Amino acid sequence: MGLVFTKWACAFLLCCCLITSGVYSVEGLHGSSNVRGVNLGGWLVIEGWIKPSLFDGIANGDMLDGTEVQFKSVTLQKYVSADNGGGMNVTVDRDVPSSWETFRLWRVSKSEFQFRTSEGQFLTCDGVGSSVSATAKSPSKSETYEIERNEKSRIHIKIKDGAYLQATTDGHLTADYPGTPGWDDNAATFEMTIVSNSLHGDYQLANGYGHDQAKDVLRRHRNSFITIEDFKFLYKHGINTVRIPVGWWIAFDPDPPGPFIGGSLEALDNAFSWAQEYDIKCIIDLHAAPGSQNGMEHSASRDGFTGWPTSPDYISQSLHAIDFLVSRYARHPALLGIELLNEPAAGAVSLDVLISYYKQGYQIVQKYSSSAYVIICQRIGAADPLELYQANIGSHNLVLDLHFYNLFDTFFVNMSAVDNIQYIYKSREGQLQALNNSNGPLVLVGEWVNEWNVTNGSKNDYQDFGKAQLDVYNAASFGWCYWTLKNDREHWDFEWNIRNNYLQLGNSPRKWSLNILGLLLGLACTWLCLPFL
């Protein structure tokens, strides 16, 4: 009897140990020690490079918000210039264009625009006969101009009162050209050069189409780009988490401030339902903050300026968005964490401002949930991730998000396939080990991709590069999330990489752990029953 009891007791303890062997570093995940995730980029926050066709129907699509342009007088052969980048009268006297001669468009309609200087002022004209200056801090009627174009990149610029701007012989820009100019060489005709048309985000899409058409475009996109079938695919391949970028305007759904379009909240609700069905967790990532935290299209910047860190109102709106999101989803079983801000720019966002924001955001999340992870993103640019370890933001469920790309830096331009792979093992692995061993937040590689600057890389090269990243990033204490699930560029597309065997994840940790657990439990039960066989 004593022997049988001992065996029962030992078997019970063994079973308990096996069952609790899933005490993972990331609480709430099933069958895996850490996050194996994918970003749902380009879905609820638009990035035109992910799906360029979203912008195909916009009239004058090469003149979206933030497009950089230069104007050259055809008679003077001089460029229009805002001396000192703004704050003075506008001249037409420069032989070579640079920043003072480059203006960023604010689009009012397909033919009406406002022009912002490199220092942030707007070109303004008081009416017929007046000179143009670069002195307005914000735009209205006096800062709005109509552009007439011909097929040869020649333009006319007309003020709201109907007069055309002309370049005077003494190098000024005035609203007093007599009559209607033709397209010959005259003082009211300019050559327009589009220097950059790189911003294709939510602002450009909504303001480019106009509200009604943009609403239809985004409704179709949100309903088709990510569906429940994608969650089924992710579950099948062992993905346990999705990181979902959202914009600050989601907190005002269904009628957010213009030009943003409602509907993203309904899509996010759907994602949580699909995630719950397939035992996948969700990280909500505030990808786009009001005013833009980095000037890029994925932060919904209007024109490339970074206004978020200098505006208390913008920071307050961001905290409101965090409060809205965590209060809505805190009790949802699919919620894993809230990321307070994506990729703040080191050159624009001071560490003091960022830490203050992170501390407030952390307290908001904790107010609603003690189990949700609070994720803080490293500043992009010249910033050391350890700066956030020393900030005392929070002591419980805090995660630091690092983004690792062998791209976007001249350092990687001339690297061979072997060099790139060795960099992952020699540099990234050491950095992750050091952070893992530090007394601070858990570490998430929140964005990485199986793409590089190597030209003509073979399939084997890509497979080796992907394997190196998985080898290293699997060791991150919180885990990793691939950028991104779907993309028109193949190697950025997670589904394409998996289906074409460019990225080899190996066996799903969930399936492996459950199989091993079942096997060991079976052995325990067999051992327990031996006296009775």
# chains A, B, ... in the order shown; residues from 1 in each chain; ligands from 1
call {"tool": "residues_around", "arguments": {"residues": "Gly162 in chain A", "least_positions_apart": "6", "cutoff": "12 Å", "atoms": "only C-alpha atoms", "output": "JSON, numbers by chain"}}
result
{"A": [125, 127, 128, 129, 142, 144, 145, 146, 147, 156, 175, 176, 177, 178, 179, 180]}
call {"tool": "residues_around", "arguments": {"residues": "Ser131 in chain A", "least_positions_apart": "6", "cutoff": "8 Å", "atoms": "only C-alpha atoms", "output": "ChimeraX atom specification"}}
result
/A:89-90,125,172-175
call {"tool": "select_by_dssp", "arguments": {"residues": "range 278-527 of chain A", "states": "strand (DSSP E or B)", "output": "MDAnalysis selection string"}}
result
chainID A and resid 281:288 335:339 345 373:377 380 398:403 442:447 479:482
call {"tool": "write_last_selection", "arguments": {"atoms": "N, CA, C and O atoms", "output": "compact mmCIF listing (two decimals), in the first residue's frame"}}
result
# COMPACT_ATOMS: atom_id res chain seq x y z
N LYS A 281 -2.71 36.18 -29.49
CA LYS A 281 -2.78 37.38 -28.67
C LYS A 281 -2.54 38.63 -29.51
O LYS A 281 -1.93 38.56 -30.60
N CYS A 282 -3.00 39.77 -29.00
CA CYS A 282 -2.91 41.03 -29.72
C CYS A 282 -2.10 42.06 -28.94
O CYS A 282 -2.31 42.24 -27.73
N ILE A 283 -1.19 42.70 -29.64
CA ILE A 283 -0.53 43.91 -29.15
C ILE A 283 -1.09 45.08 -29.95
O ILE A 283 -1.01 45.08 -31.18
N ILE A 284 -1.68 46.05 -29.26
CA ILE A 284 -2.14 47.26 -29.94
C ILE A 284 -1.00 48.28 -29.91
O ILE A 284 -0.48 48.61 -28.84
N ASP A 285 -0.61 48.74 -31.08
CA ASP A 285 0.55 49.61 -31.22
C ASP A 285 0.10 50.99 -31.72
O ASP A 285 -0.43 51.10 -32.82
N LEU A 286 0.28 52.03 -30.89
CA LEU A 286 -0.03 53.39 -31.34
C LEU A 286 1.05 53.81 -32.33
O LEU A 286 2.10 54.34 -31.95
N HIS A 287 0.78 53.57 -33.58
CA HIS A 287 1.76 53.75 -34.65
C HIS A 287 1.82 55.19 -35.13
O HIS A 287 2.86 55.65 -35.60
N ALA A 288 0.68 55.87 -35.07
CA ALA A 288 0.59 57.24 -35.56
C ALA A 288 0.04 58.13 -34.47
O ALA A 288 -1.11 57.97 -34.04
N LEU A 335 -6.08 40.28 -25.45
CA LEU A 335 -5.12 41.36 -25.27
C LEU A 335 -3.85 40.87 -24.58
O LEU A 335 -3.91 40.29 -23.50
N LEU A 336 -2.72 41.15 -25.19
CA LEU A 336 -1.43 40.86 -24.57
C LEU A 336 -0.77 42.13 -24.06
O LEU A 336 -0.20 42.16 -22.97
N GLY A 337 -0.81 43.20 -24.86
CA GLY A 337 -0.14 44.42 -24.43
C GLY A 337 -0.52 45.63 -25.25
O GLY A 337 -1.17 45.52 -26.30
N ILE A 338 -0.10 46.78 -24.76
CA ILE A 338 -0.31 48.07 -25.42
C ILE A 338 1.05 48.70 -25.65
O ILE A 338 1.84 48.86 -24.71
N GLU A 339 1.35 49.05 -26.90
CA GLU A 339 2.58 49.78 -27.20
C GLU A 339 2.26 51.27 -27.25
O GLU A 339 1.42 51.71 -28.04
N ALA A 345 11.29 59.71 -33.13
CA ALA A 345 12.57 60.06 -33.75
C ALA A 345 13.50 60.72 -32.75
O ALA A 345 13.13 61.71 -32.09
N TYR A 373 0.82 43.84 -20.81
CA TYR A 373 2.19 44.34 -20.91
C TYR A 373 2.16 45.76 -21.47
O TYR A 373 1.36 46.09 -22.34
N VAL A 374 3.06 46.57 -20.96
CA VAL A 374 3.22 47.94 -21.45
C VAL A 374 4.52 47.98 -22.24
O VAL A 374 5.60 47.69 -21.70
N ILE A 375 4.42 48.33 -23.51
CA ILE A 375 5.56 48.25 -24.42
C ILE A 375 6.00 49.66 -24.78
O ILE A 375 5.19 50.50 -25.19
N ILE A 376 7.29 49.92 -24.60
CA ILE A 376 7.87 51.22 -24.94
C ILE A 376 8.87 51.01 -26.05
O ILE A 376 9.66 50.07 -26.03
N CYS A 377 8.83 51.87 -27.04
CA CYS A 377 9.69 51.70 -28.22
C CYS A 377 10.93 52.57 -28.10
O CYS A 377 10.87 53.73 -27.69
N ILE A 380 14.25 55.97 -32.69
CA ILE A 380 14.99 55.62 -33.89
C ILE A 380 15.98 56.74 -34.19
O ILE A 380 15.74 57.90 -33.93
N LEU A 398 6.83 45.47 -18.09
CA LEU A 398 7.34 46.50 -18.99
C LEU A 398 8.22 45.83 -20.05
O LEU A 398 9.05 44.96 -19.74
N VAL A 399 8.05 46.24 -21.30
CA VAL A 399 8.77 45.64 -22.43
C VAL A 399 9.39 46.74 -23.27
O VAL A 399 8.74 47.75 -23.56
N LEU A 400 10.64 46.54 -23.67
CA LEU A 400 11.32 47.46 -24.58
C LEU A 400 11.28 46.89 -25.99
O LEU A 400 11.66 45.75 -26.23
N ASP A 401 10.82 47.70 -26.95
CA ASP A 401 10.69 47.30 -28.34
C ASP A 401 11.87 47.85 -29.15
O ASP A 401 12.08 49.07 -29.21
N LEU A 402 12.62 46.95 -29.76
CA LEU A 402 13.72 47.31 -30.67
C LEU A 402 13.34 46.91 -32.09
O LEU A 402 12.73 45.86 -32.30
N HIS A 403 13.73 47.71 -33.07
CA HIS A 403 13.46 47.39 -34.47
C HIS A 403 14.80 47.15 -35.17
O HIS A 403 15.65 48.04 -35.21
N LEU A 442 11.64 43.51 -20.26
CA LEU A 442 11.80 42.43 -21.23
C LEU A 442 12.07 43.05 -22.60
O LEU A 442 11.84 44.24 -22.82
N VAL A 443 12.57 42.23 -23.52
CA VAL A 443 12.99 42.75 -24.82
C VAL A 443 12.16 42.12 -25.93
O VAL A 443 12.03 40.90 -26.01
N LEU A 444 11.61 42.98 -26.79
CA LEU A 444 10.86 42.57 -27.98
C LEU A 444 11.55 43.11 -29.22
O LEU A 444 11.84 44.31 -29.29
N VAL A 445 11.83 42.23 -30.18
CA VAL A 445 12.25 42.70 -31.50
C VAL A 445 10.95 42.91 -32.28
O VAL A 445 10.45 42.01 -32.94
N GLY A 446 10.41 44.11 -32.16
CA GLY A 446 9.05 44.36 -32.63
C GLY A 446 8.92 44.48 -34.13
O GLY A 446 7.80 44.37 -34.65
N GLU A 447 10.04 44.71 -34.83
CA GLU A 447 10.02 44.74 -36.29
C GLU A 447 11.34 44.19 -36.81
O GLU A 447 12.41 44.58 -36.34
N GLY A 479 10.28 38.27 -27.13
CA GLY A 479 10.01 37.62 -28.41
C GLY A 479 10.22 38.55 -29.59
O GLY A 479 10.96 39.53 -29.51
N TRP A 480 9.54 38.24 -30.70
CA TRP A 480 9.71 39.01 -31.93
C TRP A 480 8.41 39.08 -32.72
O TRP A 480 7.50 38.26 -32.55
N CYS A 481 8.35 40.10 -33.61
CA CYS A 481 7.22 40.27 -34.53
C CYS A 481 7.78 40.66 -35.90
O CYS A 481 8.50 41.65 -36.03
N TYR A 482 7.44 39.88 -36.91
CA TYR A 482 7.92 40.13 -38.28
C TYR A 482 7.15 41.30 -38.91
O TYR A 482 5.95 41.46 -38.69
call {"tool": "atom_distance", "arguments": {"atom1": "CA of Gly295 in chain A", "atom2": "CA of Phe122 in chain A"}}
result
18.1 Å
call {"tool": "residues_around", "arguments": {"residues": "range 187-191 of chain A", "least_positions_apart": "3", "cutoff": "6 Å", "atoms": "only C-alpha atoms", "output": "list in words"}}
result
Phe71, Lys72, Ser73, Val74, Thr75, Ser153, Arg154, Ile155, His156, Leu165, Gln166 and Ala167 of chain A
call {"tool": "residues_around", "arguments": {"residues": "Leu29 in chain A", "least_positions_apart": "3", "cutoff": "9 Å", "atoms": "only C-alpha atoms", "output": "JSON, numbers by chain"}}
result
{"A": [24, 26, 32, 33, 34, 35, 240, 241, 279, 280, 281, 336]}
call {"tool": "closest_residue", "arguments": {"among": "A:Asp170, A:Asp488, A:Asp303, A:Glu112", "to": "Glu143 in chain A", "atoms": "only C-alpha atoms"}}
result
A:Glu112
call {"tool": "select_by_dssp", "arguments": {"residues": "range 364-402 of chain A", "states": "helix (DSSP H, G or I)", "output": "VMD selection string"}}
result
chain A and resid 364 to 368 386 to 389
call {"tool": "residues_around", "arguments": {"residues": "Tyr203 in chain A", "least_positions_apart": "5", "cutoff": "9 Å", "atoms": "only C-alpha atoms", "output": "list in words"}}
result
Ile46, Asp65, Gly208, Gly258, Pro259, Phe260, Glu297, Ala300, Ser301 and Arg302 of chain A
call {"tool": "residues_around", "arguments": {"residues": "Lys51 in chain A", "least_positions_apart": "3", "cutoff": "12 Å", "atoms": "only C-alpha atoms", "output": "ChimeraX atom specification"}}
result
/A:41-43,45-48,54-56,200-201,205,221,225,484,486-490,492-493
